[in-house]
$ cat my_file20.txt   # compact mmCIF, C-alpha atoms
# COMPACT_ATOMS: atom_id res chain seq x y z
CA MET I 35 0.00 0.00 0.00
CA TYR I 36 1.36 3.43 -0.93
CA ALA I 37 0.54 6.84 0.52
CA PHE I 38 0.79 9.79 -1.85
CA GLY I 39 0.06 12.52 0.70
CA LEU I 40 -0.73 13.15 4.31
CA SER I 41 -2.99 15.92 5.59
CA SER I 42 -4.21 17.05 8.98
CA GLN I 43 -6.12 19.90 10.61
CA ASP I 44 -5.48 22.21 13.52
CA ALA I 45 -7.09 21.23 16.80
CA MET I 46 -10.64 22.59 16.92
CA PHE I 47 -13.28 23.09 19.58
CA SER I 48 -17.05 22.77 19.23
CA ILE I 49 -17.66 26.05 21.08
CA LEU I 50 -16.81 28.34 18.16
CA SER I 51 -17.54 31.95 19.02
CA LEU I 52 -16.75 35.45 17.80
CA ASP I 53 -14.79 35.94 21.03
CA ASP I 54 -12.24 33.22 20.19
CA THR I 55 -8.86 34.66 19.16
CA TYR I 56 -7.62 31.14 18.36
CA LEU I 57 -9.95 31.25 15.35
CA ASN I 58 -9.31 34.88 14.44
CA PRO I 59 -6.85 37.32 16.10
CA ALA I 60 -9.39 40.09 15.40
CA ASN I 61 -11.85 38.38 17.78
CA THR I 62 -10.55 40.40 20.72
CA PHE I 63 -13.26 41.87 22.92
CA ASN I 64 -14.72 45.09 21.53
CA PRO I 65 -14.15 47.95 24.04
CA PHE I 66 -17.03 49.95 22.51
CA TYR I 67 -19.45 47.09 23.20
CA ASP I 68 -17.78 45.23 26.06
CA ASN I 69 -16.96 47.00 29.34
CA SER I 70 -14.03 44.64 30.04
CA LEU I 71 -10.54 45.89 30.81
CA LEU I 72 -8.91 42.50 31.36
CA LYS I 73 -10.38 39.17 30.30
CA PHE I 74 -9.45 35.51 30.91
CA ASP I 75 -10.80 32.40 29.16
CA LEU I 76 -10.38 28.69 29.87
CA GLN I 77 -11.56 25.97 27.50
CA PHE I 78 -11.29 22.17 27.67
CA ARG I 79 -12.38 19.41 25.28
CA ASP I 80 -12.36 15.67 26.00
CA GLN I 81 -12.88 13.49 22.92
CA TRP I 82 -13.45 9.82 22.09
CA ASN I 83 -13.58 8.50 25.65
CA SER I 84 -16.40 6.19 24.54
CA VAL I 85 -14.13 4.34 22.11
CA SER I 86 -13.08 1.15 23.88
CA ASN I 87 -9.72 0.77 22.12
CA GLY I 88 -7.22 3.44 21.19
CA ASP I 89 -6.25 6.87 22.43
CA THR I 90 -8.53 9.59 23.69
CA TYR I 91 -7.65 13.22 23.03
CA ALA I 92 -7.74 16.21 25.37
CA THR I 93 -7.45 19.80 24.17
CA ALA I 94 -7.06 22.73 26.56
CA LYS I 95 -6.73 26.46 25.95
CA VAL I 96 -5.89 29.39 28.26
CA HIS I 97 -6.38 32.92 26.96
CA GLY I 98 -5.75 36.37 28.45
CA GLU I 99 -6.42 39.76 26.92
CA TYR I 100 -5.98 43.40 27.97
CA ASN I 101 -7.27 46.69 26.55
CA VAL I 102 -4.20 48.97 26.60
CA TYR I 103 -5.81 52.04 24.99
CA LEU I 104 -9.34 53.35 24.48
CA SER I 105 -10.46 56.68 23.05
CA GLN I 106 -13.79 57.88 21.73
CA TYR I 107 -13.10 56.40 18.30
CA ASP I 108 -10.39 53.72 18.51
CA ALA I 109 -8.79 51.13 20.81
CA TRP I 110 -5.82 48.76 21.07
CA ASN I 111 -5.87 45.29 22.66
CA VAL I 112 -3.05 42.82 23.32
CA GLY I 113 -3.41 39.17 24.23
CA LEU I 114 -1.74 35.83 24.83
CA PHE I 115 -3.03 32.28 24.57
CA TRP I 116 -1.62 28.82 25.11
CA LEU I 117 -3.12 25.67 23.62
CA SER I 118 -2.30 22.03 24.38
CA ASP I 119 -3.57 19.08 22.34
CA ARG I 120 -2.45 15.57 23.28
CA SER I 121 -3.44 11.92 23.22
CA SER I 122 -4.05 9.93 26.41
CA SER I 123 -0.86 7.91 25.86
CA ASN I 124 1.10 11.15 25.29
CA GLY I 125 2.27 9.65 22.01
CA LEU I 126 1.07 12.71 20.11
CA LYS I 127 1.41 16.22 21.54
CA ASN I 128 1.06 19.73 20.22
CA ASN I 129 1.69 22.91 22.20
CA ASN I 130 0.99 26.36 20.81
CA LEU I 131 1.78 29.78 22.32
CA GLN I 132 0.49 32.88 20.52
CA LEU I 133 1.08 36.60 21.01
CA LEU I 134 -1.60 38.77 19.42
CA GLY I 135 -2.67 42.36 19.03
CA SER I 136 -5.65 44.18 17.53
CA TYR I 137 -6.75 47.66 16.54
CA THR I 138 -10.45 48.63 16.69
CA ARG I 139 -11.88 51.69 14.96
CA LYS I 140 -15.40 53.11 15.20
CA LEU I 141 -16.32 54.49 11.78
CA SER I 142 -19.17 56.79 12.84
CA GLU I 143 -18.38 60.23 14.23
CA THR I 144 -21.15 60.25 16.84
CA ARG I 145 -20.33 60.21 20.54
CA GLY I 146 -22.65 57.29 21.19
CA ASN I 147 -22.01 53.77 19.97
CA ASN I 148 -25.51 52.89 18.78
CA TYR I 149 -25.93 52.38 15.02
CA SER I 150 -22.16 52.40 14.52
CA HIS I 151 -19.98 50.37 12.18
CA ILE I 152 -16.92 49.09 14.03
CA ILE I 153 -13.91 47.45 12.34
CA THR I 154 -11.21 45.39 14.10
CA ILE I 155 -7.91 44.33 12.49
CA GLY I 156 -5.86 41.71 14.33
CA GLY I 157 -2.62 39.81 13.92
CA GLY I 158 -0.75 37.15 15.82
CA ILE I 159 2.46 35.15 15.85
CA SER I 160 2.45 31.59 17.16
CA PHE I 161 5.27 29.42 18.44
CA ALA I 162 4.34 25.73 18.26
CA GLN I 163 5.94 22.38 18.98
CA THR I 164 4.77 18.95 17.86
CA ASN I 165 5.93 15.73 19.47
CA ALA I 166 5.52 12.18 18.16
CA ASP I 167 6.63 9.63 20.77
CA LEU I 168 7.00 6.23 19.08
CA GLU I 169 8.06 4.35 22.22
CA ASP I 170 4.50 3.20 22.98
CA LEU I 171 4.02 1.50 19.61
CA TRP I 172 4.44 -2.25 19.21
CA PHE I 173 5.13 -4.33 16.12
CA GLY I 174 4.42 -7.87 14.89
CA ARG I 175 7.75 -9.25 16.13
CA GLN I 176 6.71 -8.34 19.68
CA PHE I 177 3.55 -10.45 19.65
CA ASN I 178 4.20 -13.67 21.54
CA LEU I 179 2.31 -16.47 19.74
CA ASN I 180 2.73 -18.82 22.70
CA SER I 181 0.96 -16.54 25.19
CA ASN I 182 -1.08 -14.49 22.69
CA PHE I 183 0.13 -11.30 24.40
CA ILE I 184 2.34 -8.38 23.44
CA ASP I 185 5.85 -8.80 24.84
CA ARG I 186 7.74 -5.48 24.68
CA THR I 187 10.93 -7.18 25.84
CA LEU I 188 11.20 -8.77 22.39
CA THR I 189 13.08 -6.80 19.76
CA SER I 190 10.85 -4.91 17.34
CA GLY I 191 13.39 -4.60 14.56
CA GLU I 192 12.44 -0.92 14.27
CA GLU I 193 14.30 2.26 15.09
CA PHE I 194 12.53 4.15 17.89
CA ARG I 195 12.84 7.90 18.36
CA ILE I 196 11.02 10.83 19.87
CA ASP I 197 10.49 13.48 17.20
CA ASN I 198 10.20 17.08 18.41
CA HIS I 199 9.55 19.75 15.81
CA SER I 200 9.08 23.48 16.36
CA TYR I 201 7.73 26.12 14.01
CA SER I 202 6.33 29.64 14.03
CA SER I 203 3.17 30.81 12.31
CA LEU I 204 1.71 34.18 11.31
CA ASP I 205 -2.06 34.78 11.51
CA GLY I 206 -4.20 37.72 10.43
CA GLY I 207 -7.87 38.63 10.60
CA LEU I 208 -10.59 41.22 10.16
CA ARG I 209 -13.92 41.66 11.96
CA TRP I 210 -16.88 43.95 11.20
CA MET I 211 -19.61 44.81 13.68
CA TYR I 212 -22.75 46.87 13.26
CA LEU I 213 -23.89 47.79 16.74
CA LEU I 214 -27.60 48.46 17.16
CA GLU I 215 -29.25 49.62 20.37
CA ASP I 216 -29.85 47.53 23.52
CA ASP I 217 -26.76 45.35 22.94
CA ASN I 218 -28.03 44.01 19.62
CA TYR I 219 -25.61 43.64 16.72
CA TYR I 220 -24.64 42.07 13.41
CA MET I 221 -21.10 40.75 13.16
CA ALA I 222 -18.86 38.99 10.61
CA GLY I 223 -15.21 37.98 10.60
CA LEU I 224 -12.63 36.61 8.20
CA SER I 225 -9.18 35.25 9.07
CA ILE I 226 -6.25 33.36 7.56
CA ALA I 227 -3.93 31.33 9.77
CA HIS I 228 -0.45 30.06 8.77
CA LEU I 229 0.08 32.91 6.33
CA ASN I 230 3.80 32.07 6.12
CA ASN I 231 3.23 28.38 5.26
CA PRO I 232 5.35 27.17 8.20
CA THR I 233 7.44 24.05 7.68
CA ILE I 234 7.82 21.06 10.00
CA GLU I 235 11.17 19.36 9.45
CA GLY I 236 10.75 15.59 9.43
CA THR I 237 13.33 12.84 9.61
CA ASN I 238 13.11 12.00 5.92
CA ALA I 239 11.15 14.96 4.50
CA ASN I 240 9.81 18.41 5.36
CA PHE I 241 6.10 19.13 5.58
CA SER I 242 4.51 22.56 5.10
CA ILE I 243 1.32 23.64 6.89
CA SER I 244 -1.24 25.04 4.49
CA PRO I 245 -3.16 28.25 5.32
CA ARG I 246 -6.42 27.89 7.26
CA LEU I 247 -9.30 30.08 6.06
CA LEU I 248 -12.17 30.92 8.40
CA PHE I 249 -15.40 32.89 7.98
CA GLN I 250 -17.78 33.69 10.86
CA ALA I 251 -21.13 35.49 10.99
CA GLU I 252 -23.43 36.11 13.94
CA ALA I 253 -26.36 38.28 14.99
CA HIS I 254 -27.79 39.08 18.43
CA LEU I 255 -31.35 40.37 18.14
CA ASP I 256 -34.42 40.93 20.34
CA LEU I 257 -37.01 38.19 20.24
CA GLY I 258 -39.22 39.59 23.01
CA GLU I 259 -39.06 41.00 26.51
CA GLY I 260 -36.00 39.40 28.11
CA PHE I 261 -35.50 37.04 25.15
CA ASP I 262 -32.82 37.30 22.44
CA HIS I 263 -32.00 34.95 19.60
CA ILE I 264 -28.49 34.37 18.25
CA PRO I 265 -28.19 32.82 14.75
CA GLY I 266 -24.67 32.08 13.56
CA LEU I 267 -22.60 30.45 10.83
CA ILE I 268 -18.95 29.32 10.73
CA PHE I 269 -16.98 27.94 7.78
CA ILE I 270 -13.44 26.57 8.17
CA ASN I 271 -11.25 25.39 5.30
CA HIS I 272 -7.83 23.85 5.95
CA GLY I 273 -6.11 22.12 3.05
CA PRO I 274 -8.47 19.54 1.53
CA PHE I 275 -10.74 19.59 4.59
CA TRP I 276 -13.60 21.91 5.46
CA GLN I 277 -16.42 22.14 7.95
CA LEU I 278 -19.62 24.19 8.00
CA SER I 279 -21.40 24.86 11.30
CA PRO I 280 -24.75 26.68 11.32
CA SER I 281 -26.04 27.44 14.83
CA TYR I 282 -29.00 28.94 16.65
CA GLY I 283 -29.14 30.05 20.28
CA ILE I 284 -31.58 31.73 22.64
CA SER I 285 -30.61 34.00 25.54
CA ILE I 286 -33.06 34.46 28.42
CA ASP I 287 -32.37 37.43 30.71
CA ILE I 288 -33.33 36.23 34.18
CA TYR I 289 -32.95 39.55 36.05
CA SER I 290 -33.68 42.03 33.24
CA ASP I 291 -31.81 44.90 34.88
CA ASP I 292 -28.32 46.41 34.96
CA ASN I 293 -27.00 43.36 36.85
CA SER I 294 -27.84 41.08 33.94
CA PHE I 295 -27.78 37.32 34.41
CA SER I 296 -28.72 35.20 31.40
CA LEU I 297 -29.38 31.58 30.56
CA ILE I 298 -28.16 30.61 27.09
CA SER I 299 -29.19 27.49 25.19
CA GLY I 300 -28.45 26.52 21.61
CA VAL I 301 -27.90 23.84 19.01
CA SER I 302 -25.58 23.60 16.02
CA ALA I 303 -24.63 21.09 13.35
CA ARG I 304 -21.20 20.24 11.96
CA LEU I 305 -21.10 19.34 8.25
CA ILE I 306 -17.81 18.09 6.81
CA ASN I 307 -16.33 16.70 3.62
CA SER I 308 -14.91 13.18 3.80
CA VAL I 309 -13.81 10.34 1.55
CA ASN I 310 -17.49 9.37 1.43
CA GLY I 311 -18.64 12.84 0.38
CA ILE I 312 -20.39 15.59 2.34
CA MET I 313 -21.87 14.38 5.61
CA MET I 314 -23.20 15.61 8.94
CA ASP I 315 -20.57 14.70 11.51
CA ALA I 316 -22.32 15.81 14.71
CA ILE I 317 -25.20 17.68 16.29
CA ILE I 318 -23.94 19.89 19.11
CA PHE I 319 -25.96 21.03 22.13
CA ASN I 320 -24.94 24.03 24.22
CA LEU I 321 -26.03 25.28 27.63
CA GLY I 322 -24.54 28.30 29.38
CA LEU I 323 -24.82 31.01 32.01
CA GLN I 324 -23.64 34.59 31.58
CA SER I 325 -23.35 37.65 33.83
CA ASN I 326 -21.62 41.01 33.48
CA THR I 327 -18.28 39.58 34.66
CA TRP I 328 -18.29 35.83 33.96
CA SER I 329 -19.75 33.14 31.71
CA PHE I 330 -19.87 29.35 31.69
CA ASN I 331 -20.66 27.12 28.70
CA PHE I 332 -21.13 23.37 28.36
CA ASN I 333 -21.18 21.62 24.97
CA PHE I 334 -22.03 18.03 24.12
CA ASP I 335 -21.39 16.46 20.69
CA LEU I 336 -23.83 13.81 19.49
CA ASN I 337 -22.19 11.86 16.67
CA SER I 338 -24.34 11.40 13.58
CA SER I 339 -21.66 9.94 11.27
CA ALA I 340 -20.49 6.32 10.95
CA LEU I 341 -18.18 6.98 13.91
CA LYS I 342 -21.22 6.72 16.21
CA THR I 343 -20.89 2.91 16.00
CA TYR I 344 -17.67 3.15 18.00
CA THR I 345 -18.55 6.10 20.25
CA ASN I 346 -22.04 4.93 21.29
CA ASN I 347 -23.36 8.13 19.65
CA ASN I 348 -21.16 10.26 21.92
CA GLY I 349 -18.65 12.68 20.50
CA ALA I 350 -16.99 15.06 22.92
CA ILE I 351 -17.64 17.00 26.11
CA GLU I 352 -16.47 20.58 26.17
CA LEU I 353 -16.34 23.24 28.89
CA ALA I 354 -15.59 26.97 28.63
CA LEU I 355 -15.21 29.52 31.44
CA SER I 356 -14.64 33.25 31.06
CA TYR I 357 -13.99 35.97 33.65
CA SER I 358 -13.61 39.72 33.11
CA ILE I 359 -12.34 42.60 35.19
CA ASN I 360 -14.47 45.55 34.09
CA ARG I 361 -13.77 49.24 33.98
CA ASP I 362 -14.93 51.35 36.93
$ encode --input "my_file20.txt" --output "structure tokens"
Amino acid sequence: MYAFGLSSQDAMFSILSLDDTYLNPANTFNPFYDNSLLKFDLQFRDQWNSVSNGDTYATAKVHGEYNVYLSQYDAWNVGLFWLSDRSSSNGLKNNNLQLLGSYTRKLSETRGNNYSHIITIGGGISFAQTNADLEDLWFGRQFNLNSNFIDRTLTSGEEFRIDNHSYSSLDGGLRWMYLLEDDNYYMAGLSIAHLNNPTIEGTNANFSISPRLLFQAEAHLDLGEGFDHIPGLIFINHGPFWQLSPSYGISIDIYSDDNSFSLISGVSARLINSVNGIMMDAIIFNLGLQSNTWSFNFNFDLNSSALKTYTNNNGAIELALSYSINRD
């Protein structure tokens, strides 16, 4: 059997929001809409625990962001995030540290922010390391036919090594927001990651990482007294792979005053291309709580592809926690 090419995608979460700078460095919080001065985010994804054999995968992200300058018409933000993606056996690891910055400009000349077009331009540089530890693999020579067990004391006849590879990546993005009144808005974003086509140096060959294109769109609109609806759409294309995720959420304001406290519930679908054509990979359910200073989100993937046979219809569990220090 011969392989003519190998492809892979960046680690991805199911909670895909217009506040996620991992997707787009222009997704920094908007100081004209958000009262935050300093913001922290934690996100964790646990995948394929229902598969009886093989590795499970855990992905974690820590993000911090600070508004360094704010005037009546423009603002500057800086941020830092760290992402870790690894298998349960630690055979495959990827660590990513990114420094990012963004500039936000309000296009209208009015003192208020209502009915204003707001543009954000962001950029980031990432420093990443991949690790492939082959020590946990076993080969046919190590299978003891007398006991029908794997015997790692037997010679494998293979050369074992731990491959560490580092690379840097440049990312850029743009976000547009039309801010209505009462915290309602229309928003869209476009970003390209790996603009410099970073190269991973392998033992026998070098492999370049293709650019990742992402488009996001979202609206937050009144549905009734204390009720808002949040339709959204995300498209990600990385090499030969792409995914399309339409979503719909409802926000219920429990207090309906200045000390807002909301319950958020939503559902989304993940459509992908595969060797079998276009298919729906998962239906994703979201439940969250949000206040003026913190938010909590829980996502559950329900597999709808052929993989559900091995996952018992379960995909992944994902948690996200955010905390903000607001301006006085």
$ closest_residue --input "my_file20.txt" --among "I:Thr154, I:Asp75, I:Leu52, I:Gln106" --to "Ile264 (chain I)" --atoms "all atoms listed in the file"
I:Leu52
$ residues_around --input "my_file20.txt" --residues "Thr164 (chain I)" --least-positions-apart "4" --cutoff "9 Å" --atoms "all atoms listed in the file" --output "list in words"
Leu126, Lys127, Asn128, Asn129, Asn130, Asp197, Asn198, His199, Ser200, Tyr201 and Ile234 of chain I
$ atom_distance --input "my_file20.txt" --atom1 "CA of Gly322 (chain I)" --atom2 "CA of Ser296 (chain I)"
8.3 Å
$ atom_distance --input "my_file20.txt" --atom1 "CA of Trp328 (chain I)" --atom2 "CA of Asp68 (chain I)"
12.3 Å
$ residues_near_point --input "my_file20.txt" --point "(-16.9, 19.2, 23.5)" --cutoff "10 Å" --atoms "all atoms listed in the file" --output "PyMOL selection string"
chain I and resi 46-49+77-81+92-93+318-320+332-336+349-354
$ closest_residue --input "my_file20.txt" --among "I:Ala60, I:Leu321, I:Ile306, I:Leu114" --to "Ser339 (chain I)" --atoms "only C-alpha atoms"
I:Ile306
$ residues_around --input "my_file20.txt" --residues "Asn148 (chain I)" --least-positions-apart "6" --cutoff "9 Å" --atoms "only C-alpha atoms" --output "compact mmCIF listing (two decimals) with C-alpha atoms, keeping the file's coordinate frame"
# COMPACT_ATOMS: atom_id res chain seq x y z
CA TYR I 212 -22.75 46.87 13.26
CA LEU I 213 -23.89 47.79 16.74
CA LEU I 214 -27.60 48.46 17.16
CA GLU I 215 -29.25 49.62 20.37
CA ASP I 216 -29.85 47.53 23.52
CA ASP I 217 -26.76 45.35 22.94
$ atom_distance --input "my_file20.txt" --atom1 "CA of Pro65 (chain I)" --atom2 "CA of Leu297 (chain I)"
23.3 Å
$ closest_residue --input "my_file20.txt" --among "I:Leu229, I:Ser121, I:Asp262, I:Asn310" --to "Asn165 (chain I)" --atoms "only C-alpha atoms"
I:Ser121
$ residues_around --input "my_file20.txt" --residues "Ser51 (chain I)" --least-positions-apart "4" --cutoff "10 Å" --atoms "all atoms listed in the file" --output "list in words"
Phe47, Thr55, Tyr56, Leu57, Asn58, Asn61, Gln250, Ala251, Glu252, Gly266, Leu267 and Ile268 of chain I
$ closest_residue --input "my_file20.txt" --among "I:Ala162, I:Leu278, I:Leu305, I:Ile155" --to "Gly223 (chain I)" --atoms "only C-alpha atoms"
I:Ile155
$ closest_residue --input "my_file20.txt" --among "I:Asn69, I:Ser203, I:Asn230, I:Thr62" --to "Tyr137 (chain I)" --atoms "all atoms listed in the file"
I:Thr62
$ residues_around --input "my_file20.txt" --residues "Ser329 (chain I)" --least-positions-apart "2" --cutoff "6 Å" --atoms "all atoms listed in the file" --output "list in words"
Leu323, Gln324, Leu355 and Ser356 of chain I
$ closest_residue --input "my_file20.txt" --among "I:Phe295, I:Trp210, I:Tyr91, I:Phe261" --to "Gly283 (chain I)" --atoms "only C-alpha atoms"
I:Phe261
$ residues_around --input "my_file20.txt" --residues "Gly135 (chain I)" --least-positions-apart "2" --cutoff "7 Å" --atoms "all atoms listed in the file" --output "number ranges by chain"
I: 111-113, 156-158
